[in-house]
Amino acid sequence: MIEDLVQGPVLWFLNRGSGFAVLALLTLSTLLGIASTAGRGSGNTTRRFASQALHRNVSLLAVVFLAIHVTTAVVDDYVDIRWWHVISPVGASYQPLWLGLGALGFDLIAAVVATSLLRARMSHRPWRLVHLTSYAAWALGIAHGLGIGTDMDGTGALGVRFTVGCAVVVCAAAAVRILAARRGQVAKEPA
Ligand code: HEM
């Protein structure tokens, strides 16, 4: 039974499904993170509190799916992926470039999670610098998925359309955030 699971397509489907779930949740989490800073200085604390709480919970769910994603990638013995390929951006024999980008994204997410857990003991600036790398983690996840995914054949493929959709909404929200910051609608002080 366990052998069937390990050698059968179940792990592969779990790996692909969880990959898309991570991407969707990271996208949502990024949007909520942007939304939670948007009302700073406007006095709308209830809205900010709600979007910050949602941002935290969605990020937590993304981490759970990321754990499923990397575990199924390693346990599935169809291709040779070892535990250290989850964190090392170099050294994989299977799709080294795309797997390496995924591993780099994983490392950044691990750093963001660790510093968020230690936030009360850290000063704001280093915490924020690490937290901003979550944009890079998200972009690395996009590149990794497009490069390695088996649902990504051809521009009309569902996986490509989904991934491009995620990229468009985050880029649009980031642009709005940058414009708001330039107009002084986003306070520079910690939340
Ligand atoms: C930021 C972190 C990551 C994100 C957002 C992410 C997301 C994705 C997405 C969207 C796919 C495409 C699924 C498909 O089209 O079938 C994918 C595929 C894949 N990912 Fe990740 N991934 C991440 C990190 C990792 C890591 C660290 C590993 C393992 C070391 C990994 C292993 C794989 C493998 C093996 C596939 C190919 C599945 C297939 O054969 O289609 N990923 N990932």
# chains A, B, ... in the order shown; residues from 1 in each chain; ligands from 1
$ residues_around --residues "Leu117 (chain A)" --least-positions-apart "3" --cutoff "12 Å" --atoms "only C-alpha atoms" --output "list in words"
Arg56, Leu60, Ala110, Ala111, Val112, Val113, Ala114, Ala120, Arg121, Met122, Trp127 and His131 of chain A
$ write_last_selection --atoms "C-alpha atoms" --output "PDB file, in the first residue's frame"
ATOM      1  CA  ARG A  56      -0.818  36.000   8.859  1.00  0.00           C
ATOM      2  CA  LEU A  60       0.644  30.102   7.593  1.00  0.00           C
ATOM      3  CA  ALA A 110      11.972  30.223   5.849  1.00  0.00           C
ATOM      4  CA  ALA A 111      13.828  33.464   6.712  1.00  0.00           C
ATOM      5  CA  VAL A 112      10.585  35.506   6.538  1.00  0.00           C
ATOM      6  CA  VAL A 113       8.784  33.001   8.811  1.00  0.00           C
ATOM      7  CA  ALA A 114      11.696  32.879  11.295  1.00  0.00           C
ATOM      8  CA  ALA A 120       8.930  41.109  19.081  1.00  0.00           C
ATOM      9  CA  ARG A 121      12.654  40.678  19.816  1.00  0.00           C
ATOM     10  CA  MET A 122      13.914  42.401  16.663  1.00  0.00           C
ATOM     11  CA  TRP A 127      12.692  42.621  10.206  1.00  0.00           C
ATOM     12  CA  HIS A 131      10.100  40.655   5.115  1.00  0.00           C
TER      13      HIS A 131
END
$ residues_near_ligand --ligand "ligand 1" --cutoff "8 Å" --atoms "only C-alpha atoms and all ligand atoms" --output "NGL selection string"
:A and (12-13 or 15-23 or 26 or 66 or 69-71 or 73-74 or 79 or 81-87 or 99-106 or 109 or 137-138 or 140-142 or 144-146 or 148-152 or 159 or 163)
$ write_last_selection --atoms "C-alpha atoms" --output "compact mmCIF listing (two decimals), in the first residue's frame"
# COMPACT_ATOMS: atom_id res chain seq x y z
CA TRP A 12 2.93 13.51 -8.21
CA PHE A 13 -0.62 14.94 -8.20
CA ASN A 15 3.10 17.73 -5.51
CA ARG A 16 1.58 19.60 -8.46
CA GLY A 17 -1.63 20.49 -6.63
CA SER A 18 0.26 21.77 -3.59
CA GLY A 19 2.61 23.76 -5.88
CA PHE A 20 -0.35 25.66 -7.32
CA ALA A 21 -1.89 26.04 -3.85
CA VAL A 22 1.39 27.58 -2.55
CA LEU A 23 1.47 29.99 -5.48
CA LEU A 26 1.53 33.39 -1.58
CA LEU A 66 4.88 24.39 0.91
CA HIS A 69 4.96 20.36 -1.80
CA VAL A 70 8.60 19.74 -0.87
CA THR A 71 7.87 16.54 1.07
CA ALA A 73 8.82 16.11 -4.26
CA VAL A 74 11.42 14.34 -2.12
CA VAL A 79 12.85 11.64 -10.09
CA ILE A 81 15.30 14.88 -5.49
CA ARG A 82 17.02 14.70 -2.08
CA TRP A 83 16.23 16.52 1.18
CA TRP A 84 19.12 18.96 0.79
CA HIS A 85 17.78 20.04 -2.64
CA VAL A 86 14.88 21.65 -0.74
CA ILE A 87 17.26 24.23 0.77
CA LEU A 99 14.66 23.39 -8.76
CA GLY A 100 17.41 25.76 -7.55
CA LEU A 101 15.09 28.77 -7.96
CA GLY A 102 12.39 26.92 -5.97
CA ALA A 103 14.94 26.13 -3.24
CA LEU A 104 16.01 29.79 -3.08
CA GLY A 105 12.33 30.78 -2.74
CA PHE A 106 11.98 28.20 0.04
CA ILE A 109 10.23 32.04 2.96
CA ALA A 137 10.37 34.49 -2.89
CA TRP A 138 7.05 34.88 -4.68
CA LEU A 140 11.18 32.82 -7.60
CA GLY A 141 8.14 30.56 -7.05
CA ILE A 142 6.60 31.93 -10.28
CA HIS A 144 10.26 27.83 -10.70
CA GLY A 145 6.67 26.78 -11.46
CA LEU A 146 6.81 28.02 -15.06
CA ILE A 148 9.62 22.95 -13.96
CA GLY A 149 5.85 22.39 -14.05
CA THR A 150 4.32 19.75 -16.30
CA ASP A 151 1.13 21.81 -16.70
CA MET A 152 3.07 24.62 -18.31
CA GLY A 159 -0.99 26.39 -15.43
CA THR A 163 0.61 31.74 -13.04
$ atom_distance --atom1 "CA of Phe65 (chain A)" --atom2 "CA of Ser29 (chain A)"
13.3 Å
$ atom_distance --atom1 "CA of Gln95 (chain A)" --atom2 "CA of Ala143 (chain A)"
12.7 Å
$ closest_residue --among "A:Thr155, A:Ala167, A:Tyr78, A:Val176" --to "Leu11 (chain A)" --atoms "only C-alpha atoms"
A:Tyr78
